[in-house]
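Participant: Following this message is one structure expressed as structure tokens.
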Amino acid sequence: MLCDNCKERDAIINLTQVEHDSKVTLHLCEQCAQQKGVETGGAVLKSPLGNFLGAVVKGSTPGALVPASGDALRCTACGSTLRDFRDSGRLGCDRCYESFDTHLRDLLRRLHGSSQHVGERYELPGAGGGGLSDDDPRSRLLELKAQLRRAVEGENFELAAELRDRIRVLE
Amino acid sequence: MDLSLLPDGGMRWLDASGPKSTIVLSTRIRLARNVRGIPFSQRAKDADRMAVLQRVTDAAASSGHLGSAVAFHLDQMDRSERQLLHERHLVSKELAGLERESRPRPGAALLVQDQVGVMVNEEDHLRLHGMWSGFDLEDAYAEVEAIDAELGRLVPFAFHPEFGYLTSCPTNAGTGLRASVLIHLPGLVLTKEINKVLQGLSQVGLTFRGLYGENSEVVGNFFQLSNQTTLGKTEDELIDHLGKIVRQVVEYEEQARDVLLRTAPEEVEDKTWRAYGLLKHARQVSFEETMNLLSGVRLGVGLKLLPGPGVYTLNKLLIYTQPAHLAAMDGRSTGDRELPTVRAAFVRRLLEAESS
């Protein structure tokens, strides 16, 4: 079938629109679909989370993305519960990240596409360094390999592939 | 409150000295950090907040970048003064306690030196930030990163080997980095290409907001583009990616302006001269109308259809015509009904000074 718009290329997308209570279905080629603002395969694949993330920002707090099943979990340090986070979207303290780590890891992956920090490493004041410093590519490589192992163990293959590429670059 | 010691009152970016500053007004970097072992703001007690403030103040005093910072204690300031800081993009609405029926929390503070600063006791204990003129992600980031490194050596930050820097809201965890540019896109709006561009942004992990950040409306064709995710990528990757996309958006904007000039030169010229004329002669003008007129004039200046005013003046008008600024200048309250008249007079004065 030819594209309803340009009548030149093959239609590969069916676009159904509701206008004035009546349903109109257009058969479009990829180019014309894009012109009409429809996301086509290529674009969507680039960032599978794109739309989802947009929805999160414009919708409610990220807390709402956490299932209610863990509501009763309580942070041992500050006493706030996972329920509190679900309601407010804010965590009580830094230790909450450990107290709720399974739920948060899942949430972070949904929000950012990954739960593994790969940016700058931070060393607490007075930790004194010793041994390899964070700037040292060898220590960075070791860290990445450890992350890769964890990713494979956790069957997070998307992250594993990403880490593998980073390791290649460093090596 | 004394901002007069700072270049352009803490807004050096107004001087339009940076790259592409007709289209990109400013580049902003912020890093979210929390002090290890102290509850986040949602859960913090007053004593916790005061402890955070003390630690940050002490660390800043002995740092090179914030050693002579001016400190503003928002909980001890009038609402109009807090609003003024907010209008300068130096504090968030939340920190300034400007949201409905809210007040600044005890310990809410801003330290600012030249074009960098730190908000204390906002959603996170520290929000380090820097604002640069034009499109200048690298310089802005380098400076804010240097402050981060300095303070991080003196104050223990909350950091996790897997999740990175820990933040009150998980949307900021990891790098804690939000890089954004304030960009003027009248060409894309007039050629109706803007929705396509904005839609494209969400596909590549970026997001847009209005002039005042989160939940603010887009006025005067000014958009803030920034990274959406903060975890799973390095700081450099996040900044490079934003930079690449912004360069593209700037190109689209320039192309759209070319199209306008080719297809409707008289209309564009008329639109920009009308905007200029209204600003120069109106006797009453709302802030929103001012923004829209400034957008028209800025476009005209960018396209060299108007001989002036300079971009520095246009930037200043954008900030100084806001309610708290006008009120402070003229000794009135921000709700004063005469403000539109005061605003029109101020705009005329500034434009006349420039053309004389």
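A note on labels: chains of the structure tokens are A, B, ... as shown, every chain counts residues from 1, and ligands are counted from 1 in their shown order.
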I want to know what sits within 7 Å of segment 322-334 of chain B, based on only C-alpha atoms, with residues of the same chain fewer than 5 positions away left out; could you give that as a list in words?
Facilitator: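 Everything that qualifies: Ser80, Gln83, Leu84, Glu87, Phe287 and Arg343 of chain B.
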Participant: Per residue of chain B within 7 Å of chain A, record the nearest atom pair and its distance in Å to one decimal, counting only C-alpha atoms, with rows in chain order and ascending residue number, as a tab-separated table.
Facilitator:
residue	atom	partner	partner_atom	distance
B:Arg36	CA	A:Asp94	CA	6.8
B:Gly37	CA	A:Asp94	CA	6.7
B:Ile38	CA	A:Cys93	CA	6.8
B:Pro39	CA	A:Cys93	CA	4.4
B:Phe40	CA	A:Cys93	CA	4.8
B:Gln42	CA	A:Gly92	CA	6.2
B:Arg43	CA	A:Gly92	CA	5.3
B:Arg153	CA	A:Pro125	CA	4.9
B:Leu154	CA	A:Pro125	CA	6.3
B:Pro156	CA	A:Leu124	CA	5.6
B:Ala158	CA	A:Asp94	CA	6.2
B:Phe159	CA	A:Tyr122	CA	6.8
B:Glu162	CA	A:Gln116	CA	5.0
B:Phe163	CA	A:His117	CA	5.2
B:Gly164	CA	A:His117	CA	5.0
B:Leu166	CA	A:Asp94	CA	6.0
B:Ser168	CA	A:Leu91	CA	5.1
B:Cys169	CA	A:Arg90	CA	4.9
B:Pro170	CA	A:Leu108	CA	6.7
B:Thr171	CA	A:Leu111	CA	6.7
B:Gly174	CA	A:His117	CA	5.2
B:Thr175	CA	A:Gly119	CA	6.1
B:Lys196	CA	A:Gly37	CA	6.2
B:Ser202	CA	A:Gly50	CA	5.2
B:Gln203	CA	A:Gly50	CA	4.6
B:Val204	CA	A:Ser47	CA	6.1
B:Gly205	CA	A:Gly50	CA	5.8
B:Thr229	CA	A:His112	CA	5.2
B:Thr230	CA	A:His112	CA	6.8
B:Leu231	CA	A:His117	CA	5.6
B:Gly232	CA	A:His117	CA	5.1
B:Lys233	CA	A:Val118	CA	5.8
B:Thr234	CA	A:Gly119	CA	3.9
B:Glu235	CA	A:Gly119	CA	5.7
Participant: Could the residues in this selection be saved with C-alpha atoms as a PDB file, in the first residue's frame?
Facilitator:
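Everything below was put into part-v5.pdb:
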ATOM      1  CA  ARG B  36      26.993  11.850  55.081  1.00  0.00           C
ATOM      2  CA  GLY B  37      25.013  10.663  58.101  1.00  0.00           C
ATOM      3  CA  ILE B  38      22.675  13.663  58.384  1.00  0.00           C
ATOM      4  CA  PRO B  39      19.013  13.089  57.437  1.00  0.00           C
ATOM      5  CA  PHE B  40      17.912  14.597  54.108  1.00  0.00           C
ATOM      6  CA  GLN B  42      12.459  15.864  54.273  1.00  0.00           C
ATOM      7  CA  ARG B  43      13.432  14.248  57.552  1.00  0.00           C
ATOM      8  CA  ARG B 153      37.653  17.323  50.927  1.00  0.00           C
ATOM      9  CA  LEU B 154      36.301  19.215  53.924  1.00  0.00           C
ATOM     10  CA  PRO B 156      32.052  14.171  53.997  1.00  0.00           C
ATOM     11  CA  ALA B 158      27.081  10.776  51.013  1.00  0.00           C
ATOM     12  CA  PHE B 159      28.410   8.429  48.332  1.00  0.00           C
ATOM     13  CA  GLU B 162      27.000   1.469  43.139  1.00  0.00           C
ATOM     14  CA  PHE B 163      24.559   4.411  43.260  1.00  0.00           C
ATOM     15  CA  GLY B 164      27.098   7.237  43.304  1.00  0.00           C
ATOM     16  CA  LEU B 166      23.122   9.922  47.126  1.00  0.00           C
ATOM     17  CA  SER B 168      17.022  13.073  48.428  1.00  0.00           C
ATOM     18  CA  CYS B 169      15.215  12.267  45.184  1.00  0.00           C
ATOM     19  CA  PRO B 170      16.522   9.278  43.185  1.00  0.00           C
ATOM     20  CA  THR B 171      16.069  11.225  39.951  1.00  0.00           C
ATOM     21  CA  GLY B 174      24.674   9.153  40.649  1.00  0.00           C
ATOM     22  CA  THR B 175      26.456  12.222  39.377  1.00  0.00           C
ATOM     23  CA  LYS B 196       9.146  18.444  16.655  1.00  0.00           C
ATOM     24  CA  SER B 202      12.764  13.449  25.130  1.00  0.00           C
ATOM     25  CA  GLN B 203      13.838  10.749  22.695  1.00  0.00           C
ATOM     26  CA  VAL B 204      17.473  11.478  23.385  1.00  0.00           C
ATOM     27  CA  GLY B 205      17.226  11.687  27.156  1.00  0.00           C
ATOM     28  CA  THR B 229      19.155  11.281  33.675  1.00  0.00           C
ATOM     29  CA  THR B 230      22.071  11.569  36.076  1.00  0.00           C
ATOM     30  CA  LEU B 231      23.169   7.969  36.614  1.00  0.00           C
ATOM     31  CA  GLY B 232      24.889   5.360  34.432  1.00  0.00           C
ATOM     32  CA  LYS B 233      26.883   7.902  32.441  1.00  0.00           C
ATOM     33  CA  THR B 234      29.977   9.876  33.353  1.00  0.00           C
ATOM     34  CA  GLU B 235      29.801  13.616  33.906  1.00  0.00           C
TER      35      GLU B 235
END
Participant: Can you list every residue in segment 46-202 of chain B that DSSP puts in strand (DSSP E), as a VMD selection string?
Facilitator: chain B and resid 70 to 73 109 to 113 116 to 120 126 to 133 159 to 160 164 to 165 177 to 184
Participant: How would the residues just picked look written out with C-alpha atoms as a PDB file, in the first residue's frame?
Facilitator:
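Just written: again_20.pdb:
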ATOM      1  CA  VAL B  70      28.388  36.607  50.315  1.00  0.00           C
ATOM      2  CA  ALA B  71      25.974  34.652  52.535  1.00  0.00           C
ATOM      3  CA  PHE B  72      22.216  35.103  52.458  1.00  0.00           C
ATOM      4  CA  HIS B  73      20.204  33.527  55.246  1.00  0.00           C
ATOM      5  CA  ALA B 109      20.981  29.759  52.847  1.00  0.00           C
ATOM      6  CA  LEU B 110      22.758  30.851  49.707  1.00  0.00           C
ATOM      7  CA  LEU B 111      26.482  31.444  49.439  1.00  0.00           C
ATOM      8  CA  VAL B 112      27.442  33.245  46.285  1.00  0.00           C
ATOM      9  CA  GLN B 113      30.703  34.487  44.871  1.00  0.00           C
ATOM     10  CA  VAL B 116      29.172  30.391  41.386  1.00  0.00           C
ATOM     11  CA  GLY B 117      27.322  29.550  44.540  1.00  0.00           C
ATOM     12  CA  VAL B 118      25.827  26.948  46.780  1.00  0.00           C
ATOM     13  CA  MET B 119      22.285  26.602  48.026  1.00  0.00           C
ATOM     14  CA  VAL B 120      22.264  25.092  51.490  1.00  0.00           C
ATOM     15  CA  LEU B 126      24.116  21.277  49.032  1.00  0.00           C
ATOM     16  CA  ARG B 127      23.281  22.378  45.545  1.00  0.00           C
ATOM     17  CA  LEU B 128      26.458  23.742  43.997  1.00  0.00           C
ATOM     18  CA  HIS B 129      25.846  25.872  40.955  1.00  0.00           C
ATOM     19  CA  GLY B 130      27.449  28.108  38.397  1.00  0.00           C
ATOM     20  CA  MET B 131      25.960  30.213  35.628  1.00  0.00           C
ATOM     21  CA  TRP B 132      28.006  31.227  32.602  1.00  0.00           C
ATOM     22  CA  SER B 133      27.276  33.586  29.754  1.00  0.00           C
ATOM     23  CA  PHE B 159      28.410   8.429  48.332  1.00  0.00           C
ATOM     24  CA  HIS B 160      27.689   4.810  47.469  1.00  0.00           C
ATOM     25  CA  GLY B 164      27.098   7.237  43.304  1.00  0.00           C
ATOM     26  CA  TYR B 165      26.255  10.504  45.087  1.00  0.00           C
ATOM     27  CA  LEU B 177      24.615  16.689  37.774  1.00  0.00           C
ATOM     28  CA  ARG B 178      22.096  18.822  35.999  1.00  0.00           C
ATOM     29  CA  ALA B 179      23.495  20.807  33.105  1.00  0.00           C
ATOM     30  CA  SER B 180      21.180  23.229  31.370  1.00  0.00           C
ATOM     31  CA  VAL B 181      21.158  25.996  28.838  1.00  0.00           C
ATOM     32  CA  LEU B 182      18.693  28.849  28.615  1.00  0.00           C
ATOM     33  CA  ILE B 183      17.976  29.209  24.938  1.00  0.00           C
ATOM     34  CA  HIS B 184      15.866  31.562  22.822  1.00  0.00           C
TER      35      HIS B 184
END
